[in-house]
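First up is the structure itself, then whatever we jot down about it.
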Amino acid sequence: MTDAPMLSGDRFRLGTFSTNCSSGMTPTQAADRWVNSWDNNLTLAHMLDEAGIDFMLPIARWIGYGGPTDFHGGVLETMTWAAGLLASTRNLTIFATIHASANHPVVVAKQIATIDQIGHGRAGLNIVAGWNKPEYQALGLTLPDDHETRYGYAQEWYNLIRKIWASDKHFDWDGTYFKGIKGLKGDPAPVRGAVPVINAAGSPQGREFATDNADFLFTPAIDLARSKEEIAALKAQAAAKKRKVGVLTFSHVVCRPTEKEAQDYVRHIVDDNADWEATDNLIRLQLAHALSFPHDLLTQIRYGFALGHGGFPLIGTPDQVAAGLIRLHETGFAGTTLSFVDYIKEFPYFRDEVLPRLARAGIR
């Protein structure tokens, strides 16, 4: 059987990020910010599918970040979102983003196997070990202070899922975090026995988890010289375990016929309309509980958080945007997600102008 589409080939992979969340990746008060309705997500998925984009990646959120817009206060749940999109597309890989602590692995194993059948082998799993303390509180859970516990739990969680997928006989499970499971058997398994896995990790424990388990590690690209060293170290860490892990990042696109038009739009979104309260709440939580972003750089990129959640900026003409993507490829990234203020309005210009440039450069 061939590899899953997300895992086959050596092209620079492109996807979208956070379309299931209100305002997408941009905490702005501008009237043209993203509306995360099901109809908009479905329309976008069809456009991406026809254009040959590789994947869609959602964010699992349970409460927003406050501010006038309550950024990410409205969110489509990711497993059901993925099921609907997989049933309605032909080629896209659709990931479900799942918090290990809030979703029982026996249930998740069955859900992922089911949506993978719906998509004929195009489902993916984005594992979140946990970082957002207010969300834990909203769910009545306790966020462990130490990363060892968070990732120890996530490891057993995923071990149990893999055991379910691999077993054709009933089995018992009595581990550290999941105890007293009797007579368990998983049927069906995913189409290929497993699905592509993404994990975002910044702590040493998180990177051990990602290089042990993930097909792609998700990390920001703020300083490309720093990223190049980081990617080399992560690939070496995975290779020492006889594994291959690609490194993905996320980018925010403002592509216009002229650089002035692109910069004018950035000013409209950020200078004139940023939801600074939500932006600062987001940065404060990242500093307090997550190591996915390098803390020494967080406060330097406040403007970038207001524009695109801190994603790598791809701002300017099609030539400039394509050049930025080529730089990410040359840095060693296996791909990037793309976000736009309004995905449906802005993606067609990116599709028509930037994708052909990437094809001519030989990375697509």
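Residue names in the structure tokens use chain letters A, B, ... in the order shown, residue numbers from 1 in each chain, and ligand numbers from 1 in the order shown.
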Picked from range 123-260 of chain A by DSSP as strand (DSSP E), as a PyMOL selection string: chain A and resi 123-128+171-173+181-184+197-200+216-218+246-255
Which of range 106-298 of chain A fall in helix (DSSP H, G or I), as JSON, numbers by chain: {"A": [106, 107, 108, 109, 110, 111, 112, 113, 114, 115, 116, 117, 118, 133, 134, 135, 136, 137, 138, 147, 148, 149, 150, 151, 152, 153, 154, 155, 156, 157, 158, 159, 160, 161, 162, 163, 164, 165, 166, 204, 205, 206, 207, 208, 209, 210, 211, 212, 213, 224, 225, 226, 227, 228, 229, 230, 231, 232, 233, 234, 235, 236, 237, 238, 239, 259, 260, 261, 262, 263, 264, 265, 266, 267, 268, 269, 276, 277, 278, 279, 280, 281, 282, 283, 284, 285, 286, 287, 288, 289, 295, 296, 297, 298]}
Non-local contacts of Ile63 in chain A (9 Å; only C-alpha atoms; under 4 positions in same chain excluded) as a list in words: Asp70, His72, Gly73, Gly74, Val75, Pro134, Glu135 and Ala138 of chain A
Top pick for closest residue to Glu261 in chain A, considering A:Ala334, A:Ala189, A:Ile315, A:Ala278 and counting only C-alpha atoms: A:Ile315
Restrict the calculation to only C-alpha atoms, then for each residue of range 155-264 of chain A with any atom at most 6 Å from an atom of range 336-353 of chain A give the closest atom pair and their distance in Å to one decimal, rows by chain and rising residue number, as JSON lines.
```
{"residue": "A:Leu248", "atom": "CA", "partner": "A:Thr336", "partner_atom": "CA", "distance": 5.3}
{"residue": "A:Thr249", "atom": "CA", "partner": "A:Thr336", "partner_atom": "CA", "distance": 4.7}
{"residue": "A:Phe250", "atom": "CA", "partner": "A:Thr337", "partner_atom": "CA", "distance": 4.5}
{"residue": "A:Ser251", "atom": "CA", "partner": "A:Leu338", "partner_atom": "CA", "distance": 5.1}
{"residue": "A:His252", "atom": "CA", "partner": "A:Ser339", "partner_atom": "CA", "distance": 4.8}
{"residue": "A:Val253", "atom": "CA", "partner": "A:Phe340", "partner_atom": "CA", "distance": 5.5}
```
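Across the structure, CA of Ala194 in chain A and CA of Phe55 in chain A are spaced 16.9 Å apart.
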Selection near range 12-20 of chain A, 8 Å with only C-alpha atoms, sequence-local residues under 5 positions removed, as a PyMOL selection string: chain A and resi 25+34+36-38+41+53-59+75-78+81+250+329+333-339+343+363-364
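Here CA of Gly362 in chain A is placed at a distance of 10.6 Å from CA of Asp10 in chain A.
Neighbours of Lys244 in chain A closer than or equal to 9 Å, with only C-alpha atoms counted and sequence neighbours fewer than 6 positions away skipped, come out as Thr211, Ala214, Asp215, Phe216, Lys235, Ala236 and Ala238 of chain A.
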Residues just named, written with all heavy atoms as a CSV table (one decimal), in the first residue's frame:
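The resulting out.csv:
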```csv
chain,number,residue,atom,x,y,z
A,211,THR,N,9.9,13.6,18.4
A,211,THR,CA,10.9,12.8,17.6
A,211,THR,C,10.6,11.3,17.8
A,211,THR,O,11.1,10.5,17.0
A,211,THR,CB,12.3,13.2,17.9
A,211,THR,OG1,12.6,13.2,19.3
A,211,THR,CG2,12.6,14.6,17.3
A,214,ALA,N,6.0,11.6,16.2
A,214,ALA,CA,5.4,12.4,15.1
A,214,ALA,C,6.0,12.2,13.8
A,214,ALA,O,7.2,11.9,13.7
A,214,ALA,CB,5.4,13.9,15.5
A,215,ASP,N,5.3,12.5,12.7
A,215,ASP,CA,5.8,12.5,11.4
A,215,ASP,C,6.3,14.0,11.1
A,215,ASP,O,7.2,14.2,10.3
A,215,ASP,CB,4.8,12.1,10.3
A,215,ASP,CG,4.3,10.7,10.6
A,215,ASP,OD1,5.1,9.8,10.3
A,215,ASP,OD2,3.2,10.5,11.0
A,216,PHE,N,5.7,14.9,11.7
A,216,PHE,CA,6.0,16.3,11.5
A,216,PHE,C,6.0,17.1,12.9
A,216,PHE,O,5.0,16.9,13.6
A,216,PHE,CB,5.0,17.0,10.6
A,216,PHE,CG,5.0,16.5,9.2
A,216,PHE,CD1,4.0,15.6,8.8
A,216,PHE,CD2,6.0,16.9,8.3
A,216,PHE,CE1,4.0,15.1,7.5
A,216,PHE,CE2,6.0,16.3,7.0
A,216,PHE,CZ,5.0,15.4,6.6
A,235,LYS,N,16.3,16.9,13.2
A,235,LYS,CA,16.5,15.7,12.3
A,235,LYS,C,17.5,14.7,12.8
A,235,LYS,O,17.3,13.5,12.7
A,235,LYS,CB,16.9,16.2,10.9
A,235,LYS,CG,15.7,16.9,10.2
A,235,LYS,CD,16.1,17.3,8.8
A,235,LYS,CE,14.9,17.9,8.0
A,235,LYS,NZ,15.2,18.3,6.7
A,236,ALA,N,18.6,15.3,13.4
A,236,ALA,CA,19.6,14.4,14.0
A,236,ALA,C,19.0,13.6,15.2
A,236,ALA,O,19.3,12.4,15.4
A,236,ALA,CB,20.8,15.2,14.4
A,238,ALA,N,15.9,12.8,15.7
A,238,ALA,CA,15.1,11.7,15.1
A,238,ALA,C,15.9,10.6,14.5
A,238,ALA,O,15.6,9.4,14.7
A,238,ALA,CB,14.1,12.3,14.1
```
Nearby residues (only C-alpha atoms) at most 10 Å from Leu307 in chain A, same-chain spacing under 5 positions excluded, as a PyMOL selection string: chain A and resi 25-28+252-254+266-267+269-271+274-275+279+301-302+313+340-341
Using only C-alpha atoms, I'd like a table of the residues in range 185-244 of chain A that come within 10 Å of range 90-106 of chain A; for each, show the closest atom pair and its distance in Å rounded to one decimal, ordered by chain and ascending number, as a Markdown table.
```
| residue | atom | partner | partner_atom | distance |
| --- | --- | --- | --- | --- |
| A:Lys185 | CA | A:Val106 | CA | 9.3 |
| A:Gly186 | CA | A:Val106 | CA | 8.2 |
| A:Val195 | CA | A:Phe95 | CA | 9.4 |
| A:Pro196 | CA | A:Phe95 | CA | 8.5 |
| A:Val197 | CA | A:Phe95 | CA | 8.5 |
| A:Ile198 | CA | A:Phe95 | CA | 8.6 |
| A:Asn199 | CA | A:Thr97 | CA | 9.4 |
```
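Between CA of Leu48 in chain A and CA of Thr89 in chain A the interatomic distance comes to 9.3 Å.
Near Arg150 in chain A, within a cut-off of 8 Å and counting only C-alpha atoms, sit the residues A:Ala129, A:Gly130, A:Leu143, A:Pro144, with same-chain residues fewer than 6 positions away left out.
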Same residues, all heavy atoms, output as an mmCIF file, in the first residue's frame:
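New file result02.cif:
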```cif
data_model
loop_
_atom_site.group_PDB
_atom_site.id
_atom_site.type_symbol
_atom_site.label_atom_id
_atom_site.label_comp_id
_atom_site.auth_asym_id
_atom_site.auth_seq_id
_atom_site.Cartn_x
_atom_site.Cartn_y
_atom_site.Cartn_z
ATOM 1 N N ALA A 129 -0.339 18.041 23.853
ATOM 2 C CA ALA A 129 -0.099 17.547 25.215
ATOM 3 C C ALA A 129 -0.633 18.509 26.267
ATOM 4 O O ALA A 129 -0.893 18.106 27.396
ATOM 5 C CB ALA A 129 1.394 17.313 25.432
ATOM 6 N N GLY A 130 -0.787 19.797 25.895
ATOM 7 C CA GLY A 130 -1.397 20.753 26.816
ATOM 8 C C GLY A 130 -0.493 21.902 27.183
ATOM 9 O O GLY A 130 0.690 21.706 27.449
ATOM 10 N N LEU A 143 -3.811 21.576 34.747
ATOM 11 C CA LEU A 143 -2.639 21.523 33.884
ATOM 12 C C LEU A 143 -1.413 21.217 34.726
ATOM 13 O O LEU A 143 -1.057 22.007 35.608
ATOM 14 C CB LEU A 143 -2.448 22.858 33.156
ATOM 15 C CG LEU A 143 -1.183 22.981 32.298
ATOM 16 C CD1 LEU A 143 -1.252 22.040 31.094
ATOM 17 C CD2 LEU A 143 -0.979 24.425 31.836
ATOM 18 N N PRO A 144 -0.753 20.077 34.524
ATOM 19 C CA PRO A 144 0.457 19.792 35.304
ATOM 20 C C PRO A 144 1.512 20.872 35.063
ATOM 21 O O PRO A 144 1.704 21.340 33.940
ATOM 22 C CB PRO A 144 0.918 18.434 34.759
ATOM 23 C CG PRO A 144 -0.303 17.824 34.152
ATOM 24 C CD PRO A 144 -1.085 18.965 33.614
#
```
Nearest residue to Lys110 in chain A from the set A:Asp3, A:Glu148, A:Asp187, A:Glu229 (distances using only C-alpha atoms): A:Asp187
